[in-house]
Each structure stands twice: as structure tokens, then as C-alpha cells.
Amino acid sequence: MKRTILFNVSLATAVGLFALGASAQDQAQAQTQERMSLVQIATMLEDQGYTVLEIELERRRYDVEMIDAKGMRVEAYLDAVTGAVLPYRDDDDDRYERYDD
């Protein structure tokens, strides 16, 4: 009797863990599918007149280096899902710092 109960509990635990693992894998795949691909991002930017130099995925956003139609180098962060431009502040941006002379 004890063996049957132990077996049933072990089997139920194994089935539960398997279902939990499958659910986590499905969620991870859903998040990946929602993100725009590198090709989609590059095509979108080229359609807007940019020449794309480099695209990197960083912290759920794309870091893009490109050249605009006037030949100026541009860097932008784009939302990985929508492709919208995100706010960007360069580490060297010191316009908000005050200097005492």
C-alpha cells in the first residue's frame, strides 16, 4: 500500500514538472516570436533612407548604427517588438551637467 502511494505521488510530481517545463518553453518561444527579426529591422530602416552598418540585440532592444541620407552617422535604440525609436542618452552627453568656472 505504501509503495502504491509513493509511486502515485512520484508519478504525479514527474508529470507536473514536465508540464511546467513545457509551459515555460512555450512562453520563451512566444516571446522570441514577438520580436522583430534583424532582417525586418534592417528593411524598415533602409526603406526610411538609412544605410545600416550594425544591429545588435541588447536588453530586449536593438542598438542600431547607421548612416542617414545626408551621410551623417546615426545611432539609435529600437524597441525589439514594435521597431519604435526609444529614448537614447549617450554616456558622453554632458549638456545637463553644470561646470563652475
# chains A, B, ... in the order shown; residues from 1 in each chain; ligands from 1
>>> residues_around(residues="segment 47-64 of chain A", least_positions_apart="4", cutoff="7 Å", atoms="only C-alpha atoms", output="JSON, numbers by chain")
{"A": [42, 43, 68, 69, 75, 76, 77, 78, 79, 80]}
>>> atom_distance(atom1="atom CA of Arg35 of chain A", atom2="atom CA of Ile67 of chain A")
23.7 Å
>>> atom_distance(atom1="atom CA of Val39 of chain A", atom2="atom CA of Arg73 of chain A")
20.2 Å
>>> atom_distance(atom1="atom CA of Ile41 of chain A", atom2="atom CA of Gly83 of chain A")
6.7 Å
